[in-house]
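Structure file data.cif with mmCIF, C-alpha atoms:
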```cif
data_entry
#
loop_
_atom_site.label_atom_id
_atom_site.label_comp_id
_atom_site.auth_asym_id
_atom_site.auth_seq_id
_atom_site.Cartn_x
_atom_site.Cartn_y
_atom_site.Cartn_z
CA MET L 1 -17.74 3.79 3.56
CA SER L 2 -20.12 5.06 6.22
CA SER L 3 -20.16 1.61 7.80
CA VAL L 4 -16.36 1.69 8.04
CA HIS L 5 -16.72 5.01 9.83
CA ALA L 6 -19.17 3.48 12.26
CA SER L 7 -17.19 0.35 12.98
CA SER L 8 -13.96 2.24 13.53
CA SER L 9 -15.30 5.21 15.46
CA ASN L 10 -17.43 3.47 18.09
CA ALA L 11 -15.67 3.67 21.44
CA ASN L 12 -12.67 5.23 19.66
CA GLU L 13 -11.64 1.92 18.06
CA GLN L 14 -8.87 3.47 15.95
CA THR L 15 -6.49 0.77 17.08
CA ASP L 16 -9.03 -2.04 17.33
CA SER L 17 -7.28 -5.04 18.86
CA ARG L 18 -10.08 -7.57 18.50
CA VAL L 19 -7.90 -9.84 16.38
CA ASN L 20 -6.52 -12.10 19.09
CA ASP L 21 -3.65 -14.54 18.98
CA ALA L 22 -5.86 -17.51 18.07
CA GLU L 23 -7.29 -15.61 15.11
CA THR L 24 -3.85 -14.43 14.02
CA ASN L 25 -2.75 -18.04 13.75
CA SER L 26 -5.54 -18.74 11.24
CA ILE L 27 -5.25 -15.66 9.02
CA ASN L 28 -2.92 -14.70 6.20
CA VAL L 29 -0.08 -13.30 8.29
CA ASP L 30 3.48 -14.16 9.21
CA ALA L 31 3.64 -13.38 12.94
CA SER L 32 7.41 -12.88 12.78
CA GLU L 33 6.95 -10.20 10.10
CA VAL L 34 4.37 -8.36 12.21
CA ASP L 35 6.64 -8.55 15.24
CA LYS L 36 9.56 -7.24 13.21
CA PHE L 37 7.74 -4.04 12.30
CA ASN L 38 6.05 -3.68 15.68
CA LYS L 39 9.47 -3.47 17.29
CA LEU L 40 10.32 -0.54 15.03
CA ALA L 41 7.03 1.29 15.65
CA GLY L 42 8.71 4.16 17.47
CA GLU L 43 10.70 5.02 14.33
CA TRP L 44 7.85 5.38 11.82
CA TRP L 45 7.82 9.17 11.92
CA SER L 46 11.55 9.75 12.25
CA SER L 47 12.98 11.08 8.99
CA THR L 48 16.33 9.52 9.89
CA GLY L 49 15.07 6.26 11.43
CA ALA L 50 14.39 2.77 10.09
CA PHE L 51 11.71 4.10 7.73
CA ALA L 52 13.64 7.07 6.35
CA THR L 53 13.52 5.51 2.88
CA LEU L 54 9.72 5.45 2.93
CA HIS L 55 9.63 9.15 3.80
CA GLU L 56 11.97 9.89 0.90
CA ILE L 57 10.07 7.87 -1.72
CA ASN L 58 6.60 8.81 -0.52
CA PRO L 59 6.19 11.93 -2.71
CA LEU L 60 7.09 9.86 -5.79
CA ARG L 61 4.67 7.05 -5.07
CA LEU L 62 1.93 9.45 -3.93
CA ASN L 63 2.05 11.38 -7.21
CA TRP L 64 2.09 8.17 -9.24
CA ILE L 65 -0.89 6.82 -7.30
CA GLU L 66 -2.85 10.01 -7.92
CA GLU L 67 -1.99 10.04 -11.62
CA ASN L 68 -3.31 6.51 -11.96
CA ILE L 69 -6.47 7.32 -10.04
CA LYS L 70 -7.18 10.13 -12.51
CA ARG L 71 -6.38 7.91 -15.48
CA GLY L 72 -8.47 5.02 -14.20
CA TYR L 73 -11.53 7.10 -13.44
CA GLN L 74 -11.29 8.97 -16.73
CA SER L 75 -11.11 5.65 -18.55
CA ALA L 76 -14.06 4.24 -16.63
CA GLN L 77 -16.15 7.31 -17.28
CA SER L 78 -15.34 7.46 -20.99
CA SER L 79 -16.50 3.89 -21.40
CA VAL L 80 -19.88 4.92 -19.99
CA ASP L 81 -20.36 8.32 -21.61
CA GLU L 82 -17.83 9.66 -24.10
CA GLN L 83 -19.39 13.14 -23.96
CA HIS L 84 -19.18 13.50 -20.19
CA THR L 85 -16.19 14.87 -18.28
CA ASP L 86 -15.90 13.22 -14.90
CA LYS L 87 -15.00 15.86 -12.31
CA THR L 88 -14.18 13.21 -9.72
CA ALA L 89 -11.50 11.85 -12.04
CA GLU L 90 -9.91 15.28 -12.38
CA GLN L 91 -9.79 15.60 -8.59
CA GLY L 92 -7.59 12.56 -8.15
CA LEU L 93 -7.47 11.59 -4.48
CA ALA L 94 -9.75 14.41 -3.35
CA GLY L 95 -13.15 13.09 -2.35
CA LYS L 96 -12.18 9.44 -2.84
CA LYS L 97 -12.81 6.73 -0.25
CA VAL L 98 -9.41 5.06 0.14
CA LEU L 99 -8.25 1.91 1.90
CA ASP L 100 -4.54 1.59 2.69
CA VAL L 101 -3.77 -2.10 3.29
CA GLY L 102 -0.73 -2.77 5.46
CA CYS L 103 -0.56 0.91 6.38
CA GLY L 104 2.20 0.51 8.98
CA GLY L 105 2.75 3.79 10.79
CA GLY L 106 0.57 5.71 8.35
CA ILE L 107 3.11 7.53 6.15
CA LEU L 108 1.15 6.98 2.93
CA SER L 109 -2.25 7.09 4.64
CA GLU L 110 -1.59 10.57 6.02
CA SER L 111 -0.30 11.92 2.73
CA MET L 112 -3.43 10.72 0.92
CA ALA L 113 -5.68 12.25 3.58
CA ARG L 114 -3.83 15.56 3.17
CA ARG L 115 -4.77 15.50 -0.51
CA GLY L 116 -8.44 15.30 0.36
CA ALA L 117 -9.10 11.56 0.49
CA ASP L 118 -11.19 9.88 3.19
CA VAL L 119 -8.73 7.22 4.32
CA THR L 120 -8.97 4.01 6.32
CA GLY L 121 -5.64 2.35 7.13
CA ILE L 122 -5.51 -1.27 8.23
CA ASP L 123 -2.62 -3.28 9.64
CA LEU L 124 -2.03 -6.25 11.94
CA GLY L 125 0.74 -4.57 13.93
CA THR L 126 -0.87 -3.01 16.99
CA GLU L 127 2.18 -0.90 17.83
CA ASN L 128 2.31 0.38 14.25
CA LEU L 129 -1.33 1.46 14.50
CA LYS L 130 -0.75 3.22 17.80
CA ALA L 131 2.05 5.24 16.21
CA ALA L 132 -0.14 5.98 13.19
CA ALA L 133 -3.17 7.04 15.23
CA LEU L 134 -1.09 9.26 17.52
CA HIS L 135 0.53 11.06 14.61
CA ALA L 136 -2.83 11.50 12.86
CA GLU L 137 -4.25 13.06 16.00
CA GLN L 138 -1.27 15.39 16.33
CA SER L 139 -1.67 16.33 12.67
CA GLY L 140 -5.35 17.19 13.03
CA LEU L 141 -6.50 14.58 10.52
CA GLY L 142 -8.94 12.70 12.73
CA HIS L 143 -11.94 13.67 10.63
CA THR L 144 -10.67 12.09 7.40
CA LEU L 145 -8.25 9.40 8.61
CA ARG L 146 -8.85 6.36 10.81
CA TYR L 147 -7.09 3.07 11.51
CA GLN L 148 -8.25 -0.47 12.19
CA HIS L 149 -6.55 -3.65 13.37
CA ILE L 150 -8.17 -6.12 11.00
CA PRO L 151 -7.11 -8.54 8.23
CA VAL L 152 -7.98 -7.29 4.75
CA GLU L 153 -9.76 -10.57 3.97
CA THR L 154 -12.03 -10.06 6.99
CA LEU L 155 -12.82 -6.49 5.99
CA ALA L 156 -13.66 -7.66 2.47
CA LYS L 157 -16.45 -9.85 3.85
CA THR L 158 -18.29 -6.89 5.37
CA HIS L 159 -17.26 -3.93 3.18
CA ALA L 160 -17.20 -5.30 -0.34
CA GLY L 161 -17.40 -2.63 -3.03
CA GLN L 162 -17.17 0.28 -0.59
CA PHE L 163 -13.87 1.89 -1.64
CA ASP L 164 -12.88 3.96 -4.66
CA VAL L 165 -9.15 3.32 -4.24
CA VAL L 166 -7.13 0.59 -2.51
CA THR L 167 -3.39 0.79 -1.94
CA CYS L 168 -1.18 -2.07 -0.78
CA MET L 169 2.43 -0.95 -0.65
CA GLU L 170 5.53 -2.89 0.39
CA MET L 171 3.37 -5.60 1.96
CA LEU L 172 2.85 -8.47 -0.48
CA GLU L 173 6.42 -9.72 -0.02
CA HIS L 174 5.78 -10.10 3.72
CA VAL L 175 2.72 -12.40 3.74
CA PRO L 176 2.30 -16.17 3.23
CA ASP L 177 -0.43 -15.82 0.57
CA PRO L 178 -0.19 -12.62 -1.51
CA GLN L 179 -2.90 -13.87 -3.90
CA SER L 180 -5.40 -13.74 -1.04
CA ILE L 181 -4.49 -10.10 -0.37
CA VAL L 182 -4.90 -9.13 -4.02
CA GLN L 183 -8.27 -10.88 -4.17
CA ALA L 184 -9.50 -9.06 -1.08
CA CYS L 185 -8.39 -5.72 -2.57
CA PHE L 186 -10.48 -6.52 -5.66
CA GLU L 187 -13.54 -7.33 -3.58
CA LEU L 188 -13.25 -4.14 -1.52
CA LEU L 189 -13.23 -1.89 -4.58
CA ALA L 190 -16.31 -0.47 -6.22
CA PRO L 191 -16.59 -1.19 -9.97
CA GLY L 192 -14.20 1.11 -11.84
CA GLY L 193 -12.03 1.52 -8.74
CA VAL L 194 -8.24 1.64 -8.86
CA CYS L 195 -5.79 -0.47 -6.84
CA VAL L 196 -2.08 0.29 -6.57
CA LEU L 197 0.29 -2.47 -5.46
CA SER L 198 4.01 -2.30 -4.84
CA THR L 199 6.56 -5.02 -4.17
CA ILE L 200 10.04 -6.23 -5.16
CA ASN L 201 11.00 -8.25 -8.22
CA ARG L 202 12.81 -11.59 -7.74
CA ASN L 203 16.07 -11.93 -9.66
CA PRO L 204 19.83 -11.69 -8.98
CA LYS L 205 19.78 -7.90 -9.43
CA SER L 206 17.02 -7.42 -6.86
CA TYR L 207 18.89 -9.64 -4.38
CA LEU L 208 22.00 -7.52 -4.89
CA PHE L 209 20.22 -4.17 -4.61
CA ALA L 210 17.32 -4.81 -2.21
CA ILE L 211 19.10 -7.06 0.28
CA ILE L 212 22.88 -6.86 -0.03
CA GLY L 213 22.94 -3.18 -0.99
CA ALA L 214 20.02 -1.74 0.98
CA GLU L 215 20.34 -3.85 4.13
CA TYR L 216 24.06 -4.60 4.43
CA VAL L 217 26.06 -2.03 2.48
CA LEU L 218 24.06 1.21 2.53
CA ARG L 219 22.03 0.23 5.61
CA LEU L 220 18.93 1.94 4.25
CA LEU L 221 16.91 -0.84 5.89
CA ASP L 222 17.46 -3.04 8.92
CA ARG L 223 19.06 -6.42 8.20
CA GLY L 224 16.44 -9.13 7.77
CA THR L 225 13.75 -6.73 6.54
CA HIS L 226 13.27 -8.79 3.39
CA ASP L 227 13.23 -12.48 2.46
CA TYR L 228 14.37 -12.99 -1.14
CA ALA L 229 12.21 -16.10 -1.53
CA LYS L 230 9.09 -13.97 -0.97
CA PHE L 231 9.90 -11.44 -3.70
CA ILE L 232 7.33 -11.36 -6.54
CA THR L 233 8.06 -10.97 -10.24
CA PRO L 234 5.88 -8.61 -12.30
CA ALA L 235 4.63 -11.62 -14.27
CA GLU L 236 3.54 -13.30 -11.04
CA LEU L 237 1.81 -10.17 -9.77
CA ASP L 238 0.16 -9.72 -13.16
CA LYS L 239 -1.17 -13.27 -12.89
CA MET L 240 -2.45 -12.67 -9.35
CA ALA L 241 -4.20 -9.48 -10.41
CA GLY L 242 -5.74 -11.09 -13.48
CA TYR L 243 -6.93 -14.09 -11.49
CA ALA L 244 -8.62 -11.75 -9.00
CA GLY L 245 -10.43 -10.00 -11.85
CA PHE L 246 -8.31 -6.87 -12.32
CA ARG L 247 -7.17 -5.28 -15.56
CA ARG L 248 -3.64 -3.93 -15.54
CA GLN L 249 -3.37 -0.19 -16.07
CA ASP L 250 0.30 0.70 -15.59
CA ILE L 251 3.59 -0.44 -14.09
CA ILE L 252 6.68 1.55 -13.09
CA GLY L 253 10.01 0.93 -11.40
CA LEU L 254 11.43 2.85 -8.44
CA HIS L 255 15.17 3.60 -8.59
CA TYR L 256 17.85 4.97 -6.27
CA ASN L 257 21.33 6.37 -6.85
CA PRO L 258 23.39 5.94 -3.63
CA LEU L 259 25.95 8.50 -4.79
CA THR L 260 23.50 11.35 -5.43
CA LYS L 261 20.92 9.97 -2.98
CA ARG L 262 18.23 10.61 -5.56
CA TYR L 263 15.09 8.55 -6.14
CA TRP L 264 13.19 8.48 -9.43
CA LEU L 265 10.63 6.48 -11.40
CA ALA L 266 11.47 4.73 -14.69
CA GLN L 267 10.22 1.90 -16.89
CA ASN L 268 12.83 -0.59 -15.64
CA VAL L 269 11.15 -2.86 -13.06
CA ASP L 270 14.12 -5.07 -12.17
CA VAL L 271 13.99 -4.27 -8.44
CA ASN L 272 11.28 -2.17 -6.73
CA TYR L 273 8.13 -1.57 -8.74
CA MET L 274 4.52 -0.40 -8.51
CA MET L 275 1.57 -1.73 -10.49
CA ALA L 276 -1.78 0.03 -10.96
CA VAL L 277 -4.77 -2.18 -11.75
CA GLN L 278 -8.46 -1.45 -12.19
CA LYS L 279 -11.66 -3.27 -11.33
CA PRO L 280 -13.85 -3.43 -14.46
CA LEU L 281 -17.22 -1.68 -14.39
CA GLN L 282 -18.91 -4.98 -15.25
#
```

Written as structure tokens, how would this file's structure read?
Amino acid sequence: MSSVHASSSNANEQTDSRVNDAETNSINVDASEVDKFNKLAGEWWSSTGAFATLHEINPLRLNWIEENIKRGYQSAQSSVDEQHTDKTAEQGLAGKKVLDVGCGGGILSESMARRGADVTGIDLGTENLKAAALHAEQSGLGHTLRYQHIPVETLAKTHAGQFDVVTCMEMLEHVPDPQSIVQACFELLAPGGVCVLSTINRNPKSYLFAIIGAEYVLRLLDRGTHDYAKFITPAELDKMAGYAGFRRQDIIGLHYNPLTKRYWLAQNVDVNYMMAVQKPLQ
């Protein structure tokens, strides 16, 4: 992790823009998707803006992430020494080196840093990163939170095994090759590390709820935010994770009632869902 600190702190490279247009054309990114979110960068930290939904669901996903970090590290430790209680597992996010892949404006990154994690957020949207870095500075989190403009596959080549936790939320359905992202997350984790992924299932119900309902009827998201063809079924994500080398730990669905405006987690994964996976110790 110290090398991430060095590469991101030299000359204040929080919003490192070394990935030029030529490189962008050759990496795992849909330029139109990056542009879509860049144009909304000014709304990341508005509780009533385009990303209001993310603000509302963040406490739910943050708690679930932390629960799975504890569970994963307790499991890893027990397989090594059944008589030993791992204090780092009990601490959850606190003291963990975390990578947030596709961090956007930093909503999740900041919340993890506030719980004591040392967080690096990466994204390919330069305007998103500017918004994230500015808010982190205003929040006084500069000592435990930094941002980089770099593809996750590129970072994996130089920082393999250097993170305790990797999160990749609401991103896999926006890239040409999600398997490549999952593989890079695996490589970046230290043995025993936990990765949490979130995406949207692909079926008639998810089309109705995630696109027709969320984008056109309730207008929770801007129209065109999602492409149904890029949605990923749990079975497909399971296969990607297994191919990368992960072992599945848990899966949960995220639900919303438009009448009560309440969000909750449940076992049904028909639409939005999160999956926690772990890198084996050996």

*If you count only C-alpha atoms, which residues fall within 12 Å of range 222-225 of chain L, apart from same-chain ones fewer than 3 positions away, as a ChimeraX atom specification?*
/L:32-37,39-40,43,49-53,170-171,173-174,210-219,228,230-231

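Considering all atoms listed in the file, the residue among L:Thr154, L:Asn63, L:Ser79, L:Ser206 positioned nearest to Gln183 in chain L is L:Thr154.
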
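Nearest-residue note for His135 in chain L: choosing from L:Gly192, L:Gly95, L:Gly42, L:Gly116, the minimum distance belongs to L:Gly42, counting all atoms listed in the file.
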
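With distances restricted to all atoms listed in the file, L:Ile107 is the closest residue to Ala132 in chain L from L:Ile107, L:Ala94, L:Cys168, L:Ala244.
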
*Could you expand the PyMOL selection byres ((chain L and resi 246-260) around 6) into the explicit residues it covers here, written as a VMD selection string?*
chain L and resid 241 to 242 244 to 245 261 to 269 272 to 279

Please produce an output containing C-alpha atoms for each residue in the selection, written as a short mmCIF file (atom, residue, chain, number, x, y, z; two decimals), in the coordinates of the input.
```cif
data_model
loop_
_atom_site.label_atom_id
_atom_site.label_comp_id
_atom_site.auth_asym_id
_atom_site.auth_seq_id
_atom_site.Cartn_x
_atom_site.Cartn_y
_atom_site.Cartn_z
CA ALA L 241 -4.20 -9.48 -10.41
CA GLY L 242 -5.74 -11.09 -13.48
CA ALA L 244 -8.62 -11.75 -9.00
CA GLY L 245 -10.43 -10.00 -11.85
CA LYS L 261 20.92 9.97 -2.98
CA ARG L 262 18.23 10.61 -5.56
CA TYR L 263 15.09 8.55 -6.14
CA TRP L 264 13.19 8.48 -9.43
CA LEU L 265 10.63 6.48 -11.40
CA ALA L 266 11.47 4.73 -14.69
CA GLN L 267 10.22 1.90 -16.89
CA ASN L 268 12.83 -0.59 -15.64
CA VAL L 269 11.15 -2.86 -13.06
CA ASN L 272 11.28 -2.17 -6.73
CA TYR L 273 8.13 -1.57 -8.74
CA MET L 274 4.52 -0.40 -8.51
CA MET L 275 1.57 -1.73 -10.49
CA ALA L 276 -1.78 0.03 -10.96
CA VAL L 277 -4.77 -2.18 -11.75
CA GLN L 278 -8.46 -1.45 -12.19
CA LYS L 279 -11.66 -3.27 -11.33
#
```

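Note that the spacing between CA of Ile122 in chain L and CA of Val152 in chain L amounts to 7.4 Å.
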
*Can you pull out every residue within 6 Å of Asp100 in chain L, counting all atoms listed in the file, but drop anything in the same chain fewer than 6 positions away, and send it as a ChimeraX atom specification?*
/L:121,166-167

_Resolved residues for the PyMOL selection byres ((chain L and resi 89) around 10) as a list of chain:residue names_ = L:Glu66, L:Glu67, L:Asn68, L:Ile69, L:Lys70, L:Arg71, L:Gly72, L:Tyr73, L:Gln74, L:Ser75, L:Ala76, L:Gln77, L:Thr85, L:Asp86, L:Lys87, L:Thr88, L:Glu90, L:Gln91, L:Gly92, L:Leu93, L:Ala94, L:Gly95, L:Lys96

Based on the selection just made, write C-alpha atoms of those residues as a CSV table (one decimal), in the coordinates of the input.
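What follows is the written file again-v8.csv:
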```
chain,number,residue,atom,x,y,z
L,66,GLU,CA,-2.8,10.0,-7.9
L,67,GLU,CA,-2.0,10.0,-11.6
L,68,ASN,CA,-3.3,6.5,-12.0
L,69,ILE,CA,-6.5,7.3,-10.0
L,70,LYS,CA,-7.2,10.1,-12.5
L,71,ARG,CA,-6.4,7.9,-15.5
L,72,GLY,CA,-8.5,5.0,-14.2
L,73,TYR,CA,-11.5,7.1,-13.4
L,74,GLN,CA,-11.3,9.0,-16.7
L,75,SER,CA,-11.1,5.6,-18.6
L,76,ALA,CA,-14.1,4.2,-16.6
L,77,GLN,CA,-16.2,7.3,-17.3
L,85,THR,CA,-16.2,14.9,-18.3
L,86,ASP,CA,-15.9,13.2,-14.9
L,87,LYS,CA,-15.0,15.9,-12.3
L,88,THR,CA,-14.2,13.2,-9.7
L,90,GLU,CA,-9.9,15.3,-12.4
L,91,GLN,CA,-9.8,15.6,-8.6
L,92,GLY,CA,-7.6,12.6,-8.2
L,93,LEU,CA,-7.5,11.6,-4.5
L,94,ALA,CA,-9.8,14.4,-3.4
L,95,GLY,CA,-13.2,13.1,-2.4
L,96,LYS,CA,-12.2,9.4,-2.8
```

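Here CA of Gly142 in chain L is placed at a distance of 11.9 Å from CA of Ser109 in chain L.
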